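Chemist: Okay, so here is structure-v7.cif, and as you'll see once you scroll down, it has mmCIF, C-alpha atoms.
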```cif
data_model
#
loop_
_atom_site.label_atom_id
_atom_site.label_comp_id
_atom_site.auth_asym_id
_atom_site.auth_seq_id
_atom_site.Cartn_x
_atom_site.Cartn_y
_atom_site.Cartn_z
CA MET A 1403 138.24 22.16 138.74
CA ILE A 1404 135.34 24.46 137.85
CA ASP A 1405 133.40 23.32 134.82
CA THR A 1406 133.25 25.48 131.72
CA THR A 1407 129.52 25.43 131.16
CA GLU A 1408 127.70 28.73 131.33
CA PRO A 1409 127.75 29.63 135.05
CA ARG A 1410 124.34 29.76 136.65
CA ASN A 1411 123.48 33.10 138.18
CA LEU A 1412 121.79 31.44 141.11
CA GLU A 1413 121.78 34.66 143.13
CA GLU A 1414 118.98 35.84 140.85
CA GLU A 1415 116.99 32.68 141.54
CA LEU A 1416 116.79 33.40 145.26
CA PRO A 1417 113.47 34.87 146.38
CA GLU A 1418 113.36 38.57 147.10
CA GLU A 1419 113.10 39.75 150.69
CA SER A 1420 109.57 40.59 151.80
CA THR A 1421 108.86 44.33 151.81
CA ALA A 1422 105.26 44.16 152.97
CA GLU A 1423 104.48 46.41 155.89
CA THR A 1424 103.23 44.18 158.68
CA LYS A 1425 103.61 43.88 162.40
CA GLU A 1426 104.32 40.20 161.99
CA GLN A 1427 107.87 39.01 161.44
CA PRO A 1428 108.51 38.52 157.70
CA PRO A 1429 108.85 34.92 156.56
CA LYS A 1430 112.35 33.46 156.70
CA TYR A 1431 114.03 32.09 153.63
CA GLU A 1432 114.80 28.45 154.38
CA VAL A 1433 117.77 27.18 152.40
CA SER A 1434 118.12 23.49 151.75
CA ALA A 1435 120.20 21.53 154.25
CA GLU A 1436 122.00 19.91 151.30
CA LEU A 1437 124.61 22.09 149.64
CA LEU A 1438 124.58 22.98 145.95
CA ASP A 1439 127.54 21.77 143.89
CA GLU A 1440 128.89 25.33 143.79
CA GLU A 1441 128.68 25.54 147.58
CA LYS A 1442 130.44 22.21 148.03
CA TRP A 1443 133.25 23.55 145.85
CA ILE A 1444 133.56 26.60 148.13
CA VAL A 1445 133.91 24.38 151.21
CA GLY A 1446 136.53 22.27 149.44
CA GLN A 1447 138.57 25.32 148.49
CA TRP A 1448 138.57 26.53 152.08
CA GLU A 1449 139.41 23.16 153.61
CA GLY A 1450 142.29 22.86 151.14
CA ARG A 1451 143.96 25.79 152.88
CA ARG A 1452 143.99 24.15 156.30
CA ARG A 1453 147.53 23.23 157.34
CA LYS A 1454 146.70 20.23 159.57
CA MET A 1455 149.52 20.69 162.04
CA PRO A 1456 150.31 17.78 164.38
CA LEU A 1457 149.13 18.32 167.96
CA ARG A 1458 152.04 19.24 170.20
CA GLU A 1459 150.56 17.90 173.45
CA ILE A 1460 148.65 14.76 174.42
CA ASP A 1461 146.30 16.93 176.49
CA ASP A 1462 145.22 18.70 173.29
CA LEU A 1463 144.10 15.39 171.79
CA GLU A 1464 142.19 14.55 174.95
CA ARG A 1465 140.40 17.90 174.84
CA LEU A 1466 139.29 17.23 171.28
CA ARG A 1467 138.02 13.79 172.27
CA ARG A 1468 136.02 15.25 175.16
CA ILE A 1469 134.44 17.77 172.78
CA ASP A 1470 133.51 14.95 170.38
CA LYS A 1471 131.85 13.01 173.20
CA HIS A 1472 129.98 16.10 174.34
CA ILE A 1473 128.70 16.81 170.83
CA GLU A 1474 127.72 13.17 170.27
CA GLY A 1475 125.89 13.16 173.60
CA ARG A 1476 123.81 16.10 172.45
CA GLY A 1477 123.10 14.39 169.14
CA GLY A 1478 124.62 17.21 167.12
CA SER A 1479 127.45 17.99 164.75
CA ALA A 1480 128.71 20.87 162.65
CA SER A 1481 126.24 21.19 159.78
CA GLU A 1482 127.22 21.57 156.14
CA ARG A 1483 125.61 25.02 156.23
CA SER A 1484 127.86 26.06 159.12
CA ARG A 1485 130.92 24.86 157.22
CA LEU A 1486 129.74 26.81 154.19
CA ALA A 1487 129.37 29.97 156.29
CA GLU A 1488 132.93 29.66 157.58
CA ALA A 1489 134.33 28.98 154.12
CA THR A 1490 132.39 31.73 152.36
CA VAL A 1491 133.27 34.50 154.79
CA GLY A 1492 136.84 33.25 154.87
CA LEU A 1493 137.21 33.48 151.08
CA VAL A 1494 135.08 36.55 150.33
CA ALA A 1495 136.15 39.04 153.02
CA PRO A 1496 139.59 39.80 151.48
CA PHE A 1497 137.68 41.57 148.66
CA TRP A 1498 136.56 44.06 151.33
CA LEU A 1499 139.77 44.65 153.26
CA GLY A 1500 142.10 46.54 150.94
CA ALA A 1501 140.11 48.73 148.58
CA LEU A 1502 141.54 52.06 149.78
CA GLU A 1503 145.14 51.28 148.91
CA GLU A 1504 146.74 52.51 145.68
CA VAL A 1505 149.12 49.56 145.82
CA PRO A 1506 147.55 46.19 146.71
CA ILE A 1507 148.57 45.16 150.20
CA PRO A 1508 149.09 41.59 151.38
CA ILE A 1509 145.99 40.32 153.14
CA GLY A 1510 146.38 36.87 154.62
CA THR A 1511 143.45 34.63 155.41
CA ALA A 1512 143.78 31.13 156.77
CA PRO A 1513 141.48 28.59 158.42
CA THR A 1514 142.42 27.84 161.99
CA GLU A 1515 143.66 24.39 162.88
CA GLU A 1516 141.23 21.82 164.22
CA PHE A 1517 142.24 22.47 167.83
CA ASP A 1518 141.69 26.22 167.68
CA ASP A 1519 138.51 25.80 165.65
CA ARG A 1520 136.87 23.47 168.14
CA VAL A 1521 138.49 24.40 171.46
CA SER A 1522 138.96 28.17 171.10
CA GLY A 1523 135.95 28.53 168.79
CA VAL A 1524 137.56 30.64 166.06
CA ASP A 1525 137.34 29.79 162.37
CA ASN A 1526 139.90 31.95 160.59
CA ILE A 1527 142.82 34.31 161.08
CA ARG A 1528 143.12 37.61 159.19
CA GLU A 1529 146.47 39.31 158.74
CA VAL A 1530 147.27 42.58 157.01
CA LEU A 1531 150.86 43.55 156.33
CA ARG A 1532 151.45 47.27 156.93
CA ILE A 1533 154.45 49.59 156.60
CA ASP A 1534 155.14 52.13 159.34
CA GLU A 1535 156.44 55.71 158.92
CA GLU A 1536 160.03 54.45 159.01
CA GLY A 1537 159.38 51.95 156.23
CA LYS A 1538 159.39 48.94 158.53
CA PRO A 1539 156.79 46.18 158.05
CA TYR A 1540 154.40 45.12 160.76
CA VAL A 1541 151.29 42.96 160.87
CA ILE A 1542 147.86 43.63 162.30
CA ARG A 1543 145.76 40.54 162.87
CA TRP A 1544 142.50 39.31 164.29
CA CYS A 1545 140.52 36.07 164.33
CA GLU A 1546 136.88 35.46 163.51
CA ASP A 1547 134.14 33.21 164.83
CA VAL A 1548 131.77 32.93 161.86
CA THR A 1549 128.20 31.92 162.57
CA ARG A 1550 124.83 31.45 160.85
CA VAL A 1551 123.13 32.49 164.09
CA HIS A 1552 121.13 35.44 162.82
CA PRO A 1553 117.48 36.53 163.05
CA ASP A 1554 117.10 36.26 159.28
CA SER A 1555 118.24 32.64 159.14
CA GLY A 1556 115.33 30.30 158.70
CA SER A 1557 115.89 27.51 161.21
CA SER A 1558 115.10 27.77 164.91
CA PHE A 1559 118.70 26.80 165.71
CA SER A 1560 120.14 29.61 163.65
CA ASN A 1561 117.96 32.48 164.80
CA HIS A 1562 117.96 32.00 168.56
CA PRO A 1563 119.29 35.16 170.28
CA ASP A 1564 120.84 33.33 173.24
CA LYS A 1565 123.18 31.45 170.91
CA LEU A 1566 124.62 34.67 169.52
CA ARG A 1567 124.89 36.26 172.94
CA GLY A 1568 126.77 33.17 174.11
CA LYS A 1569 129.40 33.72 171.43
CA VAL A 1570 129.75 37.38 172.38
CA ALA A 1571 129.92 36.46 176.07
CA LYS A 1572 132.86 34.16 175.35
CA THR A 1573 134.78 37.18 174.04
CA ARG A 1574 134.28 39.02 177.33
CA GLN A 1575 135.03 35.93 179.43
CA TYR A 1576 138.33 35.28 177.66
CA ILE A 1577 139.51 38.83 178.36
CA GLU A 1578 138.47 38.62 182.02
CA SER A 1579 139.94 35.12 182.50
CA PRO A 1580 143.35 34.99 180.78
CA MET A 1581 145.14 31.63 180.72
CA PRO A 1582 148.81 31.30 181.68
CA GLU A 1583 149.70 29.22 178.60
CA TYR A 1584 148.79 32.17 176.36
CA PRO A 1585 151.09 35.22 176.31
CA GLY A 1586 148.35 37.85 175.99
CA VAL A 1587 144.94 38.72 177.40
CA ASP A 1588 143.20 39.25 174.04
CA ALA A 1589 139.91 37.43 173.50
CA GLY A 1590 141.26 35.51 170.49
CA ARG A 1591 143.46 32.58 171.52
CA ILE A 1592 145.44 30.67 168.91
CA LYS A 1593 147.60 27.74 169.93
CA TYR A 1594 148.53 26.50 166.44
CA MET A 1595 149.41 29.65 164.52
CA TYR A 1596 151.14 30.34 161.23
CA SER A 1597 151.37 33.46 159.11
CA PRO A 1598 149.61 33.33 155.73
CA VAL A 1599 151.06 36.62 154.47
CA ASP A 1600 154.77 35.84 154.36
CA ASP A 1601 154.79 34.73 150.69
CA HIS A 1602 154.07 38.29 149.54
CA PHE A 1603 157.41 39.71 150.69
CA LYS A 1604 160.56 37.67 150.38
CA GLY A 1605 162.49 37.60 153.64
CA LEU A 1606 159.70 39.06 155.74
CA LEU A 1607 157.56 37.20 158.24
CA LYS A 1608 159.22 33.85 157.95
CA ALA A 1609 156.49 31.31 158.54
CA LYS A 1610 156.65 30.28 162.19
CA VAL A 1611 154.48 27.22 162.42
CA GLY A 1612 152.76 26.78 165.73
CA PRO A 1613 153.59 29.74 168.01
CA VAL A 1614 151.02 30.32 170.73
CA THR A 1615 149.52 33.79 170.40
CA THR A 1616 146.51 35.99 171.11
CA MET A 1617 144.69 38.66 169.11
CA PRO A 1618 141.32 40.45 168.94
CA ARG A 1619 138.34 38.15 168.49
CA ILE A 1620 135.46 39.03 166.14
CA VAL A 1621 132.02 37.41 165.87
CA ILE A 1622 130.68 37.52 162.31
CA SER A 1623 126.95 36.78 162.01
CA PHE A 1624 125.49 36.32 158.51
CA PRO A 1625 122.11 34.75 157.62
CA ASP A 1626 121.88 31.67 155.41
CA ARG A 1627 120.43 33.46 152.40
CA LEU A 1628 123.26 36.02 152.37
CA ILE A 1629 125.89 33.30 152.73
CA THR A 1630 124.50 31.46 149.70
CA ASN A 1631 124.43 34.70 147.71
CA LEU A 1632 128.08 35.42 148.51
CA ALA A 1633 129.16 31.83 147.90
CA LEU A 1634 127.69 31.79 144.40
CA SER A 1635 129.23 35.17 143.56
CA TYR A 1636 132.62 33.91 144.72
CA HIS A 1637 132.20 30.76 142.62
CA ARG A 1638 131.61 32.92 139.54
CA SER A 1639 134.66 35.06 140.39
CA GLN A 1640 136.81 31.91 139.98
CA TYR A 1641 135.16 30.83 136.72
CA ARG A 1642 137.33 29.16 134.07
CA ASP A 1643 136.65 28.93 130.36
CA PRO A 1644 138.64 27.98 127.21
CA ASP A 1645 137.58 31.35 125.81
CA PRO A 1646 139.70 33.92 127.73
CA LYS A 1647 137.40 36.81 126.86
CA ARG A 1648 134.37 35.00 128.22
CA GLU A 1649 136.27 33.95 131.31
CA LYS A 1650 137.42 37.51 131.98
CA LYS A 1651 133.91 38.90 131.52
CA VAL A 1652 132.33 36.47 133.97
CA ARG A 1653 135.09 36.94 136.54
CA THR A 1654 135.16 40.73 136.25
CA GLU A 1655 131.42 41.02 136.74
CA ALA A 1656 131.47 38.68 139.74
CA ILE A 1657 134.40 40.46 141.39
CA ALA A 1658 132.73 43.85 140.90
CA ARG A 1659 129.59 42.43 142.50
CA LEU A 1660 131.55 41.15 145.49
CA GLU A 1661 133.58 44.33 145.97
CA ASP A 1662 130.43 46.47 146.06
CA HIS A 1663 128.21 43.98 147.86
CA PRO A 1664 126.04 45.34 150.72
CA ALA A 1665 127.52 42.62 152.93
CA LYS A 1666 130.82 44.53 152.88
CA ALA A 1667 129.50 47.25 155.17
CA MET A 1668 127.74 44.67 157.31
CA TYR A 1669 130.99 42.74 157.74
CA LEU A 1670 133.20 45.75 158.46
CA SER A 1671 130.65 47.15 160.88
CA GLN A 1672 130.57 43.86 162.79
CA ILE A 1673 134.34 44.00 163.16
CA LEU A 1674 134.20 47.54 164.51
CA ILE A 1675 131.33 46.74 166.91
CA ALA A 1676 133.40 43.92 168.38
CA LEU A 1677 136.61 45.95 168.58
CA GLU A 1678 135.00 48.94 170.28
CA ALA A 1679 133.52 46.63 172.91
CA GLN A 1680 136.89 44.97 173.52
CA ILE A 1681 138.71 48.31 173.61
CA ALA A 1682 136.34 49.52 176.34
CA ILE A 1683 136.91 46.52 178.61
CA LEU A 1684 140.67 46.47 177.97
CA GLU A 1685 140.97 50.15 178.89
CA ARG A 1686 139.08 49.48 182.09
CA ARG A 1687 141.17 46.44 182.98
CA GLN A 1688 144.40 48.28 182.28
CA LYS A 1689 143.43 51.07 184.70
CA THR A 1690 142.38 48.66 187.45
CA ALA A 1691 145.15 46.08 187.00
CA SER A 1692 146.67 44.73 190.20
CA SER A 1693 150.26 44.89 188.95
CA ALA A 1694 152.40 46.71 186.40
CA GLU A 1695 152.92 43.43 184.52
CA THR A 1696 149.18 42.81 184.21
CA ALA A 1697 148.57 46.41 183.18
CA ASP A 1698 151.18 45.99 180.46
CA GLN A 1699 149.43 42.86 179.18
CA PHE A 1700 146.13 44.69 178.91
CA GLY A 1701 147.92 47.65 177.33
CA GLN A 1702 149.42 45.46 174.62
CA ALA A 1703 146.06 43.83 173.90
CA LEU A 1704 144.49 47.29 173.76
CA TRP A 1705 147.14 48.43 171.25
CA ARG A 1706 146.45 45.43 169.03
CA ALA A 1707 142.69 46.08 169.05
CA GLU A 1708 143.18 49.79 168.30
CA GLN A 1709 145.52 48.98 165.41
CA VAL A 1710 142.85 46.84 163.76
CA ALA A 1711 140.11 49.39 164.48
CA GLY A 1712 142.25 52.13 162.93
CA TYR A 1713 142.54 50.07 159.76
CA ILE A 1714 138.85 49.14 159.55
CA ARG A 1715 137.32 52.59 160.17
CA PRO A 1716 138.30 54.20 156.83
CA LEU A 1717 137.24 51.06 154.96
CA LEU A 1718 133.83 51.27 156.58
CA ALA A 1719 133.56 55.00 155.90
CA GLY A 1720 133.99 54.28 152.19
CA ALA A 1721 131.37 51.50 152.13
CA LYS A 1722 127.62 51.63 151.87
CA GLU A 1723 125.62 52.16 155.05
CA ALA A 1724 125.63 49.01 157.15
CA THR A 1725 122.30 47.34 157.92
CA GLY A 1726 121.27 44.13 159.62
CA ASN A 1727 123.57 44.34 162.65
CA GLU A 1728 121.06 45.52 165.24
CA TRP A 1729 120.78 42.06 166.78
CA LEU A 1730 124.55 41.76 167.12
CA GLU A 1731 124.83 45.26 168.61
CA GLU A 1732 122.26 44.32 171.22
CA ALA A 1733 124.27 41.22 172.17
CA TYR A 1734 127.41 43.33 172.65
CA ASN A 1735 125.49 45.95 174.62
CA GLN A 1736 124.24 43.25 176.97
CA GLU A 1737 127.72 41.84 177.55
CA PHE A 1738 129.94 44.94 177.30
CA GLY A 1739 127.59 47.88 177.82
CA ARG A 1740 128.63 48.57 181.42
CA PHE A 1741 132.28 48.94 180.38
CA GLN A 1742 131.48 51.22 177.45
CA GLN A 1743 129.21 53.38 179.63
CA LYS A 1744 131.89 53.80 182.28
CA GLU A 1745 134.46 54.84 179.73
CA ASN A 1746 132.00 57.32 178.26
CA GLY A 1747 131.26 58.72 181.69
CA THR A 1748 127.55 57.88 181.59
CA THR A 1749 127.37 55.93 184.84
#
```
For the file at hand, write its structure as structure tokens.
Modeler:
Amino acid sequence: MIDTTEPRNLEEELPEESTAETKEQPPKYEVSAELLDEEKWIVGQWEGRRRKMPLREIDDLERLRRIDKHIEGRGGSASERSRLAEATVGLVAPFWLGALEEVPIPIGTAPTEEFDDRVSGVDNIREVLRIDEEGKPYVIRWCEDVTRVHPDSGSSFSNHPDKLRGKVAKTRQYIESPMPEYPGVDAGRIKYMYSPVDDHFKGLLKAKVGPVTTMPRIVISFPDRLITNLALSYHRSQYRDPDPKREKKVRTEAIARLEDHPAKAMYLSQILIALEAQIAILERRQKTASSAETADQFGQALWRAEQVAGYIRPLLAGAKEATGNEWLEEAYNQEFGRFQQKENGTT
């Protein structure tokens, strides 16, 4: 329950970005390792959406145990800040994914299950319910690996370029090394899947708990300061008050801030950067496939990526100019550039 005291506008308490012209890198804004109460609430809201499906195979449990031992051996664990990043992007992004529609469209967002979070390395699943020209419903979907690894994050762990490139490299590796237990060759692999959009339309998309599936995989990289800013805005958008007028005012202002936030363009641009890289490699693999069956697999994955890209492009065109993605673009260029150059005829 959110308290009914006057909500703090903590976004305004954050220090402004340095604008001094200098050849030296501007100072990073170091957020506290301990979460604010508002941030803890965000994490709790997100974790409350996790379905906690039972593992269907003993091998899956063993894989999780091996990961735990590996993490313990390195003396590390998922930080509270990392959990906040996953929760904040998971909850805030739906404000940015349907603004062009006259009639609100169902946008489903769900945390992945523990297995897919830790083994496949994806944090959430996005689904958008669409209607084709014949009036039939269909779903476009993708999954996201949300990270604090960004040059504007303050800690050495969170601004190391190799860590971001490693996440991007995993996307390429999954496409080039499909696994037989997954039906597709997309970079996003989900073993414990359910549809979070079925409640919007009675009789459509009956929730199928647990089907193995694949989809495009997106790396979302936001710095700590931006994550805190978005988290506090989202907290205000859910504000409750005995006075309905006051509640509406606080919520309306917060929602307007989120819908027009500069991070919207940054987020949508990151999706498109990832999709264009995956489309390039999928086109190449489809053309050079060793069999008609394999070519069809790559063709289906290509269709899924193009469907999402076709939805994101007009949203991005209507947003403010995206900034802050140069580091991510460089990581994709390093991992996917040779495929994109071949498709463009530049090599």
Chemist: Of the candidates A:Glu1488, A:Glu1459, A:Asp1518, A:Glu1731, which one gets nearest to Ser1671 of chain A if we count all atoms listed in the file?
Modeler: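 Of all the options, A:Glu1731 lies closest to Ser1671 of chain A.
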Chemist: Do a neighbour search on Pro1456 of chain A at 12 Å with only C-alpha atoms, toss out local chain neighbours closer than 4 positions, and write the hits as JSON, numbers by chain.
Modeler: {"A": [1460, 1462, 1463, 1515, 1516, 1517, 1593, 1594, 1595, 1611, 1612]}
Chemist: State, in Å with one decimal place, the distance from atom CA of Ala1667 of chain A to atom CA of Ala1724 of chain A.
Modeler: 4.7 Å
Chemist: Counting all atoms listed in the file, which of A:Arg1627, A:Arg1528, A:Arg1468, A:Arg1458 gets nearest to Gly1556 of chain A?
Modeler: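 Nearest candidate to Gly1556 of chain A out of A:Arg1627, A:Arg1528, A:Arg1468, A:Arg1458: A:Arg1627.
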Chemist: Could you write out as a PyMOL selection string the residues that the PyMOL selection byres ((chain A and resi 1521) around 8) matches in the shown file?
Modeler: chain A and resi 1465-1466+1469+1517-1520+1522-1523
Chemist: Can you tell me how far atom CA of Glu1649 of chain A sits from atom CA of Ala1487 of chain A, in Å to one decimal?
Modeler: 26.2 Å
Chemist: List as a PyMOL selection string the residues having at least one atom at most 8 Å from position (125.7, 33.6, 168.9) as given in the file, counting all atoms listed in the file.
Modeler: chain A and resi 1549+1551-1552+1562-1570+1621+1623
Chemist: Nearest to Arg1550 of chain A among A:Leu1438, A:Ala1694, A:Val1710, A:Ile1629, with distances taken over all atoms listed in the file: which residue is it?
Modeler: A:Ile1629
Chemist: Go ahead and compute the interatomic distance for atom CA of Gly1739 of chain A and atom CA of Leu1677 of chain A, in Å to one decimal.
Modeler: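 It comes out at 13.1 Å.
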Chemist: Given the choices A:Gln1699, A:Thr1573, A:Ser1484, A:Thr1654, which gets closest to Ala1733 of chain A if the distance is worked out from all atoms listed in the file?
Modeler: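 Between A:Gln1699, A:Thr1573, A:Ser1484, A:Thr1654, the residue approaching Ala1733 of chain A most closely is A:Thr1573.
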Chemist: With the PyMOL selection byres ((chain A and resi 1538-1544) around 8) as the selection, what would be picked from this file? Answer as a list in words, please.
Modeler: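 Written out, the selection comes to Ile1527, Arg1528, Glu1529, Val1530, Leu1531, Arg1532, Ile1533, Asp1534, Glu1535, Glu1536, Gly1537, Cys1545, Glu1546, Gly1590, Met1617, Pro1618, Arg1619, Ile1620, Arg1706, Gln1709 and Val1710 of chain A.
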